[in-house]
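Shown here: protein_18.txt, compact mmCIF, C-alpha atoms and all ligand atoms.
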# COMPACT_ATOMS: atom_id res chain seq x y z
CA MET P 45 -23.42 42.88 -58.65
CA SER P 46 -24.12 45.73 -61.01
CA HIS P 47 -27.83 45.43 -61.78
CA ARG P 48 -28.82 47.60 -58.82
CA SER P 49 -26.42 50.43 -59.41
CA LYS P 50 -28.45 52.28 -62.04
CA GLY P 51 -31.60 52.75 -59.99
CA ALA P 52 -30.34 51.97 -56.53
CA SER P 53 -31.08 55.40 -55.11
CA ALA P 54 -34.71 55.11 -56.19
CA HIS P 55 -35.03 52.04 -54.01
CA THR P 56 -34.81 54.05 -50.80
CA LEU P 57 -38.33 54.87 -49.72
CA GLY P 58 -39.42 58.09 -48.17
CA THR P 59 -36.11 59.89 -48.29
CA ARG P 60 -36.36 61.66 -51.64
CA PRO P 61 -38.37 64.72 -52.64
CA ARG P 62 -41.53 64.14 -54.68
CA GLY P 63 -40.84 63.39 -58.31
CA VAL P 64 -37.27 62.33 -57.73
CA GLY P 65 -36.36 58.70 -57.99
CA VAL P 66 -39.38 57.64 -60.04
CA LEU P 67 -38.72 54.41 -61.85
CA SER P 68 -38.30 54.48 -65.60
CA VAL P 69 -40.70 52.31 -67.58
CA HIS P 70 -37.83 49.96 -68.25
CA GLU P 71 -37.12 49.41 -64.55
CA TRP P 72 -40.81 48.99 -63.72
CA ASP P 73 -41.24 46.41 -66.49
CA ALA P 74 -38.41 44.40 -65.01
CA TYR P 75 -40.86 43.24 -62.33
CA ARG P 76 -44.02 42.72 -64.35
CA ASP P 77 -43.42 42.27 -68.06
CA PRO P 78 -44.49 38.66 -68.78
CA GLN P 79 -42.50 38.63 -72.04
CA GLN P 80 -39.37 37.98 -70.01
CA TRP P 81 -40.38 34.50 -68.81
CA SER P 82 -40.33 31.34 -70.84
CA ASP P 83 -43.41 29.19 -70.33
CA PRO P 84 -42.78 27.12 -68.24
CA THR P 85 -40.35 28.79 -65.83
CA GLU P 86 -39.59 27.74 -62.25
CA CYS P 87 -38.39 30.18 -59.58
CA PRO P 88 -35.31 28.68 -57.92
CA ASP P 89 -36.07 30.53 -54.65
CA CYS P 90 -39.75 29.78 -53.91
CA HIS P 91 -40.45 27.13 -56.60
CA ALA P 92 -43.47 28.96 -57.99
CA VAL P 93 -44.04 27.99 -61.61
CA TYR P 94 -44.90 30.27 -64.53
CA LEU P 95 -47.19 28.04 -66.54
CA GLY P 96 -49.97 28.83 -68.97
CA GLY P 97 -49.30 32.55 -68.69
CA ARG P 98 -49.36 33.00 -64.94
CA TRP P 99 -47.41 32.20 -61.79
CA ARG P 100 -48.88 29.39 -59.72
CA TRP P 101 -47.95 26.89 -57.04
CA ALA P 102 -47.37 23.73 -59.03
CA VAL P 103 -44.85 21.01 -59.72
CA ALA P 104 -42.52 22.33 -62.40
CA PRO P 105 -42.42 20.44 -65.70
CA GLU P 106 -38.99 19.01 -66.45
CA GLU P 107 -38.36 21.45 -69.27
CA ALA P 108 -38.96 24.51 -67.04
CA VAL P 109 -36.36 27.27 -67.26
CA GLN P 110 -34.97 28.46 -63.92
CA HIS P 111 -35.61 32.17 -63.38
CA ARG P 112 -36.37 34.15 -60.23
CA CYS P 113 -40.03 35.18 -59.99
CA PRO P 114 -41.03 38.86 -59.55
CA ALA P 115 -41.95 38.40 -55.88
CA CYS P 116 -38.59 36.85 -54.99
CA ARG P 117 -36.86 39.44 -57.13
CA ARG P 118 -38.50 42.24 -55.12
CA ILE P 119 -37.53 40.48 -51.89
CA HIS P 120 -33.96 40.07 -53.16
CA ASP P 121 -33.79 43.72 -54.29
CA HIS P 122 -35.64 44.88 -51.16
CA PHE P 123 -38.00 46.81 -53.42
CA PRO P 124 -41.59 46.60 -52.15
CA ALA P 125 -44.67 47.39 -54.26
CA GLY P 126 -46.74 48.17 -51.18
CA VAL P 127 -46.07 49.65 -47.75
CA VAL P 128 -48.68 49.48 -44.97
CA THR P 129 -48.24 51.36 -41.71
CA LEU P 130 -50.38 50.44 -38.69
CA GLY P 131 -50.51 52.77 -35.72
CA GLY P 132 -52.48 54.54 -33.01
CA ASP P 133 -52.96 53.99 -29.27
CA TRP P 134 -55.68 51.37 -29.74
CA PHE P 135 -53.42 49.49 -32.13
CA SER P 136 -50.52 49.58 -29.66
CA ALA P 137 -52.74 47.91 -27.07
CA HIS P 138 -54.11 45.28 -29.52
CA GLN P 139 -51.08 44.72 -31.68
CA SER P 140 -50.90 40.93 -31.45
CA GLU P 141 -54.60 40.55 -32.29
CA VAL P 142 -54.30 42.79 -35.37
CA MET P 143 -51.09 41.12 -36.51
CA ALA P 144 -52.76 37.70 -36.31
CA LEU P 145 -55.39 38.99 -38.74
CA ILE P 146 -52.65 40.42 -40.99
CA HIS P 147 -50.78 37.12 -41.13
CA HIS P 148 -53.97 35.16 -41.73
CA HIS P 149 -54.90 37.44 -44.63
CA ALA P 150 -51.35 37.41 -46.05
CA ASP P 151 -51.09 33.61 -45.86
CA ARG P 152 -54.35 33.21 -47.73
CA ALA P 153 -53.29 35.75 -50.38
CA ARG P 154 -49.98 33.94 -50.89
CA GLN P 155 -51.77 30.62 -51.38
CA GLU P 156 -54.18 32.05 -53.94
CA HIS P 157 -51.81 34.49 -55.63
CA PRO P 158 -48.16 33.37 -55.49
CA MET P 159 -46.88 36.86 -56.35
CA GLN P 160 -48.69 38.48 -53.40
CA ARG P 161 -46.36 38.19 -50.43
CA LEU P 162 -45.73 39.93 -47.19
CA MET P 163 -41.99 40.53 -47.51
CA ARG P 164 -41.08 42.34 -44.31
CA THR P 165 -42.59 43.37 -40.96
CA ASP P 166 -40.95 46.01 -38.84
CA ALA P 167 -42.20 47.16 -35.42
CA HIS P 168 -40.99 50.46 -34.02
CA GLY P 169 -42.36 52.92 -31.49
CA GLY P 170 -45.83 51.38 -31.25
CA GLU P 171 -46.23 51.28 -35.05
CA VAL P 172 -45.80 48.37 -37.42
CA THR P 173 -44.69 48.76 -41.03
CA LEU P 174 -45.42 45.97 -43.50
CA GLU P 175 -43.87 45.68 -46.92
CA THR P 176 -45.55 43.67 -49.68
CA THR P 177 -44.53 42.43 -53.11
CA ASP P 178 -47.86 43.50 -54.56
CA MET P 179 -49.97 46.68 -54.45
CA HIS P 180 -53.29 44.83 -54.18
CA LEU P 181 -52.08 42.93 -51.15
CA ALA P 182 -51.12 46.17 -49.40
CA HIS P 183 -54.55 47.62 -50.08
CA GLY P 184 -56.26 44.35 -49.13
CA LEU P 185 -54.43 44.18 -45.79
CA GLY P 186 -55.52 47.72 -44.95
CA GLN P 187 -59.12 46.95 -45.87
CA ALA P 188 -59.14 43.71 -43.88
CA VAL P 189 -57.94 45.52 -40.76
CA GLN P 190 -60.44 48.32 -41.19
CA SER P 191 -63.39 46.01 -41.79
CA ALA P 192 -62.51 44.06 -38.63
CA TYR P 193 -61.51 46.92 -36.33
CA LYS P 194 -62.85 50.18 -37.87
CA GLY P 195 -60.27 52.97 -37.51
CA ASP P 196 -58.96 55.28 -40.26
CA LEU P 197 -57.62 53.99 -43.54
CA SER P 198 -55.90 55.89 -46.32
CA ALA P 199 -54.20 54.64 -49.46
CA ARG P 200 -52.37 56.43 -52.20
CA TYR P 201 -50.01 55.77 -55.06
CA GLU P 202 -46.47 57.01 -54.89
CA ARG P 203 -43.33 56.66 -56.98
CA GLY P 204 -45.08 57.20 -60.31
CA GLN P 205 -47.92 54.80 -59.37
CA THR P 206 -45.49 51.94 -58.77
CA LEU P 207 -45.90 51.97 -54.98
CA MET P 208 -49.11 51.68 -52.96
CA ARG P 209 -48.75 53.36 -49.57
CA VAL P 210 -51.45 52.45 -47.06
CA ARG P 211 -51.91 53.83 -43.59
CA TRP P 212 -54.33 52.54 -40.98
CA SER P 213 -54.67 53.84 -37.46
CA ARG P 214 -57.03 53.62 -34.55
CA GLN P 215 -56.60 55.76 -31.47
CA SER P 216 -59.34 54.58 -29.08
ZN ZN V 301 -39.92 33.04 -56.33

C-alpha cells encoding of this file:
Amino acid sequence: MSHRSKGASAHTLGTRPRGVGVLSVHEWDAYRDPQQWSDPTECPDCHAVYLGGRWRWAVAPEEAVQHRCPACRRIHDHFPAGVVTLGGDWFSAHQSEVMALIHHHADRARQEHPMQRLMRTDAHGGEVTLETTDMHLAHGLGQAVQSAYKGDLSARYERGQTLMRVRWSRQS
C-alpha cells in the first residue's frame, strides 16, 4: 500500500512539534470533499449509502458504486478527527458510569449521523482516551459528560484545524 506513505508521519498524534505535520489541503479533502463520491455510493465496510448528497443508513440502490466512506477510511487509516481525554480522581472512581454515558451518546450520534463514530477507546493509568471520526462528535461527547457530571472541559483545534482535541476531568 502506498497511499499512506506521503503523509504517514503526520498521522502520529502528539509526537511532533507545533506546525509540523499539518495536513495539506489535498490530504484534508480526501476525507471530506463530496465531489469524490458518485451518487449513489455504498460503503463496502459499513454499508452506509451516499444518496441525495449525504451519507445515510439506507438500503443501497442497485446502481450504487462501491467506495469506502470517510468514517471507515479514517478508521482504516487510523486517522481520527477528534480526540477526547477523560481523567481525574473522580473519573477514575466513576469510570464505568461515565463510559456508559459516552457509549449512549456515541450510539445515538452514529444512528443520526453515519459519519460520526467512536473509532477507538483506550484506557491507561486512570484516564480514557477516545478517538472519533468527526470533530463535532468529540466536542459533543465532552459537553455531554460535563453537563451530566460537571468537571472541567476544554476543547481546541490542532493540526491546522483538522483535529479537535477535547479534555474533560473531574478531581472530586
Ligand atoms: Zn463505511

(request) Would you work out the distance separating atom CA of Tyr75 of chain P from atom CA of Arg152 of chain P, expressed in Å to one decimal? (result)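 Atom CA of Tyr75 of chain P sits 22.3 Å away from atom CA of Arg152 of chain P.
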
(request) Please write out the residues within 6 Å of ligand ZN 301 (chain V) as a ChimeraX atom specification, counting all atoms listed in the file. (result) /P:87,89-92,112-113,115-116

(message) Restricting the calculation to all atoms listed in the file: of P:His120, P:Arg214, P:Arg209, P:His148, which residue gets closest to Lys194 of chain P?
(response)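 Of P:His120, P:Arg214, P:Arg209, P:His148, the one nearest Lys194 of chain P, counting all atoms listed in the file, is P:Arg214.
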
Name the residues in contact with Pro158 of chain P at a cut-off of 9 Å, using all atoms listed in the file, excluding same-chain residues fewer than 2 positions from it; report them as a short mmCIF file (atom, residue, chain, number, x, y, z; two decimals) with C-alpha atoms, keeping the file's coordinate frame.
data_model
loop_
_atom_site.label_atom_id
_atom_site.label_comp_id
_atom_site.auth_asym_id
_atom_site.auth_seq_id
_atom_site.Cartn_x
_atom_site.Cartn_y
_atom_site.Cartn_z
CA ALA P 92 -43.47 28.96 -57.99
CA TRP P 99 -47.41 32.20 -61.79
CA ARG P 100 -48.88 29.39 -59.72
CA TRP P 101 -47.95 26.89 -57.04
CA ALA P 115 -41.95 38.40 -55.88
CA ALA P 153 -53.29 35.75 -50.38
CA ARG P 154 -49.98 33.94 -50.89
CA GLN P 155 -51.77 30.62 -51.38
CA GLU P 156 -54.18 32.05 -53.94
CA GLN P 160 -48.69 38.48 -53.40
CA ARG P 161 -46.36 38.19 -50.43
#

(request) Mind giving me the straight-line distance from atom CA of Ser216 of chain P to atom CA of Thr176 of chain P in Å, one decimal? (result)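 Between these atoms lies a distance of 27.1 Å.
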